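Quick notes on the structure that follows.
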Amino acid sequence: MIHDDIRDLLESPRHGEDAPSLDHIEHTLTSGYARALALEAERLRLERKLAAVASRLGDSADDADAAELAQLGQRLSVADHDLGRLRSLLVLLRGRANEVRAAAA
(Lines give C-alpha, C1' and ligand atoms only; values in the text may rest on other atoms or scores of the structure.)
Protein backbone atom coordinates (compact mmCIF):
# COMPACT_ATOMS: atom_id res chain seq x y z
CA MET A 1 0.00 0.00 0.00
CA ILE A 2 1.28 3.48 -0.83
CA HIS A 3 0.91 4.63 2.79
CA ASP A 4 3.40 1.96 3.88
CA ASP A 5 5.81 2.81 1.05
CA ILE A 6 5.81 6.47 2.07
CA ARG A 7 6.28 5.65 5.75
CA ASP A 8 9.21 3.38 4.86
CA LEU A 9 10.86 6.20 2.93
CA LEU A 10 10.25 8.68 5.75
CA GLU A 11 11.79 6.27 8.26
CA SER A 12 14.80 5.54 6.07
CA PRO A 13 18.18 7.20 6.67
CA ARG A 14 18.47 10.74 5.34
CA HIS A 15 22.10 10.32 4.27
CA GLY A 16 24.51 7.58 3.34
CA GLU A 17 24.37 4.40 1.31
CA ASP A 18 21.03 3.27 2.75
CA ALA A 19 19.30 6.57 2.03
CA PRO A 20 16.73 6.37 -0.78
CA SER A 21 17.54 8.11 -4.03
CA LEU A 22 15.71 11.21 -5.16
CA ASP A 23 14.34 9.17 -8.09
CA HIS A 24 12.85 6.63 -5.69
CA ILE A 25 11.30 9.37 -3.57
CA GLU A 26 9.91 11.16 -6.64
CA HIS A 27 8.48 7.92 -8.02
CA THR A 28 6.74 7.25 -4.72
CA LEU A 29 5.43 10.83 -4.64
CA THR A 30 3.98 10.34 -8.12
CA SER A 31 2.32 7.10 -7.06
CA GLY A 32 0.99 8.81 -3.96
CA TYR A 33 -0.45 11.71 -5.93
CA ALA A 34 -2.08 9.25 -8.34
CA ARG A 35 -3.65 7.41 -5.41
CA ALA A 36 -4.86 10.71 -3.94
CA LEU A 37 -6.52 11.59 -7.25
CA ALA A 38 -8.18 8.17 -7.33
CA LEU A 39 -9.47 8.67 -3.79
CA GLU A 40 -10.81 12.11 -4.70
CA ALA A 41 -12.60 10.61 -7.71
CA GLU A 42 -14.07 7.88 -5.49
CA ARG A 43 -15.26 10.51 -3.01
CA LEU A 44 -16.97 12.41 -5.82
CA ARG A 45 -18.70 9.24 -7.06
CA LEU A 46 -19.85 8.43 -3.54
CA GLU A 47 -21.14 11.95 -2.97
CA ARG A 48 -23.13 11.82 -6.22
CA LYS A 49 -24.59 8.44 -5.37
CA LEU A 50 -25.40 9.62 -1.85
CA ALA A 51 -27.23 12.64 -3.27
CA ALA A 52 -29.16 10.44 -5.70
CA VAL A 53 -30.29 8.06 -2.97
CA ALA A 54 -31.15 10.95 -0.64
CA SER A 55 -33.26 12.59 -3.34
CA ARG A 56 -35.33 9.40 -3.60
CA LEU A 57 -36.13 9.53 0.10
CA GLY A 58 -38.69 12.27 -0.43
CA ASP A 59 -40.70 10.04 -2.73
CA SER A 60 -40.74 6.73 -0.95
CA ALA A 61 -38.07 5.73 1.53
CA ASP A 62 -37.63 2.10 2.34
CA ASP A 63 -35.19 0.05 4.40
CA ALA A 64 -33.01 -0.64 1.36
CA ASP A 65 -32.54 3.10 0.76
CA ALA A 66 -31.67 3.65 4.42
CA ALA A 67 -29.16 0.80 4.34
CA GLU A 68 -27.63 2.14 1.13
CA LEU A 69 -27.33 5.62 2.64
CA ALA A 70 -25.58 4.18 5.69
CA GLN A 71 -23.19 2.17 3.54
CA LEU A 72 -22.41 5.13 1.29
CA GLY A 73 -21.86 7.34 4.32
CA GLN A 74 -19.41 4.84 5.78
CA ARG A 75 -17.54 4.49 2.50
CA LEU A 76 -17.33 8.27 2.16
CA SER A 77 -16.01 8.56 5.70
CA VAL A 78 -13.32 5.94 5.03
CA ALA A 79 -12.32 7.67 1.78
CA ASP A 80 -12.10 11.02 3.58
CA HIS A 81 -9.93 9.51 6.30
CA ASP A 82 -7.64 7.74 3.82
CA LEU A 83 -7.29 10.86 1.71
CA GLY A 84 -6.46 13.03 4.72
CA ARG A 85 -3.84 10.56 5.92
CA LEU A 86 -2.33 10.25 2.47
CA ARG A 87 -2.14 14.01 1.98
CA SER A 88 -0.34 14.37 5.32
CA LEU A 89 2.20 11.73 4.34
CA LEU A 90 2.70 13.31 0.92
CA VAL A 91 3.50 16.67 2.52
CA LEU A 92 6.17 15.01 4.65
CA LEU A 93 7.60 13.11 1.70
CA ARG A 94 7.66 16.25 -0.44
CA GLY A 95 9.70 17.87 2.35
CA ARG A 96 12.11 14.94 2.28
CA ALA A 97 12.44 15.26 -1.51
CA ASN A 98 13.24 18.96 -1.11
CA GLU A 99 15.92 18.14 1.49
CA VAL A 100 17.53 15.57 -0.80
CA ARG A 101 17.40 17.99 -3.73
CA ALA A 102 19.00 20.78 -1.67
CA ALA A 103 21.75 18.48 -0.39
CA ALA A 104 22.61 17.47 -3.95
CA ALA A 105 22.93 21.07 -5.12
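Labels for the C-alpha coordinates follow display order: chains A, B, ..., residues from 1 in each chain, ligands from 1.
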
Any idea what's packed within 12 Å of Ile6 in chain A, counting only C-alpha atoms, ignoring anything in its chain fewer than 2 positions away? Could you give it as a PDB file with N, CA and C atoms, in the first residue's frame?
ATOM      1  N   MET A   1       0.836  -1.170   0.000  1.00  0.00           N
ATOM      2  CA  MET A   1       0.000   0.000   0.000  1.00  0.00           C
ATOM      3  C   MET A   1       0.892   1.247   0.000  1.00  0.00           C
ATOM      4  N   ILE A   2       0.457   2.278  -0.671  1.00  0.00           N
ATOM      5  CA  ILE A   2       1.278   3.483  -0.829  1.00  0.00           C
ATOM      6  C   ILE A   2       1.587   4.130   0.518  1.00  0.00           C
ATOM      7  N   HIS A   3       0.649   4.048   1.462  1.00  0.00           N
ATOM      8  CA  HIS A   3       0.907   4.627   2.793  1.00  0.00           C
ATOM      9  C   HIS A   3       2.160   3.984   3.418  1.00  0.00           C
ATOM     10  N   ASP A   4       2.262   2.678   3.303  1.00  0.00           N
ATOM     11  CA  ASP A   4       3.403   1.963   3.876  1.00  0.00           C
ATOM     12  C   ASP A   4       4.694   2.327   3.149  1.00  0.00           C
ATOM     13  N   ASP A   8       7.887   3.998   4.947  1.00  0.00           N
ATOM     14  CA  ASP A   8       9.210   3.376   4.859  1.00  0.00           C
ATOM     15  C   ASP A   8      10.256   4.387   4.405  1.00  0.00           C
ATOM     16  N   LEU A   9       9.914   5.183   3.411  1.00  0.00           N
ATOM     17  CA  LEU A   9      10.856   6.201   2.933  1.00  0.00           C
ATOM     18  C   LEU A   9      11.124   7.253   4.005  1.00  0.00           C
ATOM     19  N   LEU A  10      10.086   7.661   4.714  1.00  0.00           N
ATOM     20  CA  LEU A  10      10.253   8.677   5.747  1.00  0.00           C
ATOM     21  C   LEU A  10      11.079   8.168   6.922  1.00  0.00           C
ATOM     22  N   GLU A  11      11.034   6.866   7.165  1.00  0.00           N
ATOM     23  CA  GLU A  11      11.793   6.269   8.264  1.00  0.00           C
ATOM     24  C   GLU A  11      13.201   5.861   7.844  1.00  0.00           C
ATOM     25  N   SER A  12      13.492   5.938   6.570  1.00  0.00           N
ATOM     26  CA  SER A  12      14.804   5.535   6.073  1.00  0.00           C
ATOM     27  C   SER A  12      15.844   6.608   6.413  1.00  0.00           C
ATOM     28  N   PRO A  20      17.371   6.548   0.538  1.00  0.00           N
ATOM     29  CA  PRO A  20      16.730   6.373  -0.776  1.00  0.00           C
ATOM     30  C   PRO A  20      17.158   7.477  -1.747  1.00  0.00           C
ATOM     31  N   HIS A  24      13.761   7.520  -6.416  1.00  0.00           N
ATOM     32  CA  HIS A  24      12.850   6.634  -5.686  1.00  0.00           C
ATOM     33  C   HIS A  24      11.795   7.448  -4.934  1.00  0.00           C
ATOM     34  N   ILE A  25      12.234   8.507  -4.293  1.00  0.00           N
ATOM     35  CA  ILE A  25      11.302   9.372  -3.566  1.00  0.00           C
ATOM     36  C   ILE A  25      10.302   9.997  -4.532  1.00  0.00           C
ATOM     37  N   GLU A  26      10.795  10.522  -5.653  1.00  0.00           N
ATOM     38  CA  GLU A  26       9.909  11.161  -6.639  1.00  0.00           C
ATOM     39  C   GLU A  26       8.919  10.161  -7.232  1.00  0.00           C
ATOM     40  N   HIS A  27       9.376   8.947  -7.485  1.00  0.00           N
ATOM     41  CA  HIS A  27       8.481   7.915  -8.016  1.00  0.00           C
ATOM     42  C   HIS A  27       7.359   7.615  -7.014  1.00  0.00           C
ATOM     43  N   THR A  28       7.734   7.520  -5.751  1.00  0.00           N
ATOM     44  CA  THR A  28       6.737   7.253  -4.720  1.00  0.00           C
ATOM     45  C   THR A  28       5.778   8.431  -4.570  1.00  0.00           C
ATOM     46  N   LEU A  29       6.301   9.652  -4.668  1.00  0.00           N
ATOM     47  CA  LEU A  29       5.430  10.827  -4.640  1.00  0.00           C
ATOM     48  C   LEU A  29       4.416  10.769  -5.778  1.00  0.00           C
ATOM     49  N   THR A  30       4.876  10.434  -6.958  1.00  0.00           N
ATOM     50  CA  THR A  30       3.981  10.342  -8.116  1.00  0.00           C
ATOM     51  C   THR A  30       2.901   9.297  -7.889  1.00  0.00           C
ATOM     52  N   SER A  31       3.298   8.150  -7.370  1.00  0.00           N
ATOM     53  CA  SER A  31       2.320   7.102  -7.059  1.00  0.00           C
ATOM     54  C   SER A  31       1.337   7.570  -5.995  1.00  0.00           C
ATOM     55  N   GLY A  32       1.847   8.290  -5.018  1.00  0.00           N
ATOM     56  CA  GLY A  32       0.988   8.808  -3.958  1.00  0.00           C
ATOM     57  C   GLY A  32      -0.005   9.831  -4.475  1.00  0.00           C
ATOM     58  N   TYR A  33       0.456  10.717  -5.350  1.00  0.00           N
ATOM     59  CA  TYR A  33      -0.451  11.710  -5.934  1.00  0.00           C
ATOM     60  C   TYR A  33      -1.512  11.026  -6.807  1.00  0.00           C
ATOM     61  N   ARG A  85      -5.096  11.200   5.497  1.00  0.00           N
ATOM     62  CA  ARG A  85      -3.844  10.556   5.924  1.00  0.00           C
ATOM     63  C   ARG A  85      -2.810  10.586   4.816  1.00  0.00           C
ATOM     64  N   LEU A  86      -3.248  10.272   3.601  1.00  0.00           N
ATOM     65  CA  LEU A  86      -2.330  10.252   2.467  1.00  0.00           C
ATOM     66  C   LEU A  86      -1.777  11.639   2.187  1.00  0.00           C
ATOM     67  N   ARG A  87      -2.616  12.636   2.219  1.00  0.00           N
ATOM     68  CA  ARG A  87      -2.141  14.009   1.984  1.00  0.00           C
ATOM     69  C   ARG A  87      -1.097  14.419   3.014  1.00  0.00           C
ATOM     70  N   SER A  88      -1.306  14.054   4.265  1.00  0.00           N
ATOM     71  CA  SER A  88      -0.338  14.372   5.320  1.00  0.00           C
ATOM     72  C   SER A  88       1.008  13.710   5.044  1.00  0.00           C
ATOM     73  N   LEU A  89       0.960  12.447   4.654  1.00  0.00           N
ATOM     74  CA  LEU A  89       2.197  11.733   4.342  1.00  0.00           C
ATOM     75  C   LEU A  89       2.892  12.327   3.115  1.00  0.00           C
ATOM     76  N   LEU A  90       2.114  12.717   2.126  1.00  0.00           N
ATOM     77  CA  LEU A  90       2.698  13.307   0.919  1.00  0.00           C
ATOM     78  C   LEU A  90       3.403  14.628   1.223  1.00  0.00           C
ATOM     79  N   VAL A  91       2.848  15.409   2.125  1.00  0.00           N
ATOM     80  CA  VAL A  91       3.501  16.669   2.519  1.00  0.00           C
ATOM     81  C   VAL A  91       4.865  16.369   3.141  1.00  0.00           C
ATOM     82  N   LEU A  92       4.903  15.380   4.012  1.00  0.00           N
ATOM     83  CA  LEU A  92       6.172  15.007   4.648  1.00  0.00           C
ATOM     84  C   LEU A  92       7.172  14.482   3.628  1.00  0.00           C
ATOM     85  N   LEU A  93       6.703  13.662   2.705  1.00  0.00           N
ATOM     86  CA  LEU A  93       7.604  13.108   1.699  1.00  0.00           C
ATOM     87  C   LEU A  93       8.096  14.185   0.742  1.00  0.00           C
ATOM     88  N   ARG A  94       7.237  15.133   0.401  1.00  0.00           N
ATOM     89  CA  ARG A  94       7.662  16.254  -0.441  1.00  0.00           C
ATOM     90  C   ARG A  94       8.770  17.032   0.265  1.00  0.00           C
ATOM     91  N   ARG A  96      10.897  15.775   2.378  1.00  0.00           N
ATOM     92  CA  ARG A  96      12.111  14.939   2.275  1.00  0.00           C
ATOM     93  C   ARG A  96      12.740  15.085   0.898  1.00  0.00           C
ATOM     94  N   ALA A  97      11.926  15.092  -0.151  1.00  0.00           N
ATOM     95  CA  ALA A  97      12.444  15.263  -1.507  1.00  0.00           C
ATOM     96  C   ALA A  97      13.169  16.602  -1.635  1.00  0.00           C
TER      97      ALA A  97
END

Quiz item: Contacts of Ala104 in chain A at 12 Å or less, counting only C-alpha atoms, minus same-chain residues fewer than 2 places along, as a PyMOL selection string?
Solution: chain A and resi 15+21-22+97-102

Would you save the residues of that selection, restricted to all heavy atoms, as an mmCIF file, in the first residue's frame?
data_model
loop_
_atom_site.group_PDB
_atom_site.id
_atom_site.type_symbol
_atom_site.label_atom_id
_atom_site.label_comp_id
_atom_site.auth_asym_id
_atom_site.auth_seq_id
_atom_site.Cartn_x
_atom_site.Cartn_y
_atom_site.Cartn_z
ATOM 1 N N HIS A 15 20.816 10.228 4.968
ATOM 2 C CA HIS A 15 22.104 10.321 4.272
ATOM 3 C C HIS A 15 22.768 8.955 4.257
ATOM 4 O O HIS A 15 22.425 8.080 5.039
ATOM 5 C CB HIS A 15 23.029 11.325 4.965
ATOM 6 C CG HIS A 15 22.383 12.651 5.217
ATOM 7 N ND1 HIS A 15 22.145 13.563 4.223
ATOM 8 C CD2 HIS A 15 21.901 13.202 6.354
ATOM 9 C CE1 HIS A 15 21.548 14.628 4.738
ATOM 10 N NE2 HIS A 15 21.383 14.430 6.039
ATOM 11 N N SER A 21 17.169 7.129 -3.007
ATOM 12 C CA SER A 21 17.538 8.109 -4.032
ATOM 13 C C SER A 21 16.389 9.088 -4.260
ATOM 14 O O SER A 21 15.228 8.799 -3.949
ATOM 15 C CB SER A 21 17.859 7.398 -5.348
ATOM 16 O OG SER A 21 16.674 6.834 -5.897
ATOM 17 N N LEU A 22 16.731 10.227 -4.819
ATOM 18 C CA LEU A 22 15.707 11.207 -5.165
ATOM 19 C C LEU A 22 14.729 10.608 -6.169
ATOM 20 O O LEU A 22 13.519 10.844 -6.076
ATOM 21 C CB LEU A 22 16.341 12.482 -5.715
ATOM 22 C CG LEU A 22 15.376 13.593 -6.106
ATOM 23 C CD1 LEU A 22 14.514 14.033 -4.930
ATOM 24 C CD2 LEU A 22 16.137 14.779 -6.689
ATOM 25 N N ALA A 97 11.926 15.092 -0.151
ATOM 26 C CA ALA A 97 12.444 15.263 -1.507
ATOM 27 C C ALA A 97 13.169 16.602 -1.635
ATOM 28 O O ALA A 97 14.231 16.670 -2.259
ATOM 29 C CB ALA A 97 11.308 15.151 -2.526
ATOM 30 N N ASN A 98 12.600 17.638 -1.066
ATOM 31 C CA ASN A 98 13.235 18.961 -1.112
ATOM 32 C C ASN A 98 14.591 18.962 -0.381
ATOM 33 O O ASN A 98 15.548 19.584 -0.851
ATOM 34 C CB ASN A 98 12.310 20.026 -0.520
ATOM 35 C CG ASN A 98 11.119 20.281 -1.411
ATOM 36 O OD1 ASN A 98 11.113 19.986 -2.599
ATOM 37 N ND2 ASN A 98 10.065 20.831 -0.814
ATOM 38 N N GLU A 99 14.661 18.253 0.751
ATOM 39 C CA GLU A 99 15.923 18.137 1.487
ATOM 40 C C GLU A 99 16.978 17.426 0.643
ATOM 41 O O GLU A 99 18.137 17.863 0.583
ATOM 42 C CB GLU A 99 15.723 17.363 2.778
ATOM 43 C CG GLU A 99 14.948 18.071 3.847
ATOM 44 C CD GLU A 99 14.673 17.169 5.035
ATOM 45 O OE1 GLU A 99 15.302 16.080 5.152
ATOM 46 O OE2 GLU A 99 13.815 17.542 5.846
ATOM 47 N N VAL A 100 16.581 16.334 0.007
ATOM 48 C CA VAL A 100 17.534 15.567 -0.804
ATOM 49 C C VAL A 100 17.995 16.415 -2.002
ATOM 50 O O VAL A 100 19.178 16.443 -2.328
ATOM 51 C CB VAL A 100 16.878 14.243 -1.296
ATOM 52 C CG1 VAL A 100 17.744 13.544 -2.319
ATOM 53 C CG2 VAL A 100 16.595 13.333 -0.107
ATOM 54 N N ARG A 101 17.072 17.120 -2.601
ATOM 55 C CA ARG A 101 17.399 17.987 -3.734
ATOM 56 C C ARG A 101 18.377 19.087 -3.315
ATOM 57 O O ARG A 101 19.352 19.369 -4.005
ATOM 58 C CB ARG A 101 16.120 18.595 -4.306
ATOM 59 C CG ARG A 101 16.182 18.927 -5.752
ATOM 60 C CD ARG A 101 14.857 19.409 -6.310
ATOM 61 N NE ARG A 101 13.916 18.306 -6.512
ATOM 62 C CZ ARG A 101 12.840 18.055 -5.785
ATOM 63 N NH1 ARG A 101 12.516 18.822 -4.779
ATOM 64 N NH2 ARG A 101 12.068 17.029 -6.047
ATOM 65 N N ALA A 102 18.128 19.698 -2.163
ATOM 66 C CA ALA A 102 18.996 20.776 -1.670
ATOM 67 C C ALA A 102 20.385 20.248 -1.323
ATOM 68 O O ALA A 102 21.386 20.931 -1.576
ATOM 69 C CB ALA A 102 18.350 21.427 -0.452
#

Self-check item: Which of A:Ser60, A:Lys49, A:Ser55, A:Ala103 sits closest to Gly73 in chain A [using only C-alpha atoms]
Solution: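 Result for the nearest residue to Gly73 in chain A: A:Lys49.
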
Quiz item: In Å, with one decimal, what is the gap from CA of Ala41 in chain A to CA of Gln74 in chain A?
Solution: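 A separation of 16.2 Å between them.
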
Quiz item: Quick one: of A:Arg14, A:Leu83, A:Gln71, A:Arg56, who's nearest to Gly95 in chain A, counting only C-alpha atoms?
Solution: A:Arg14
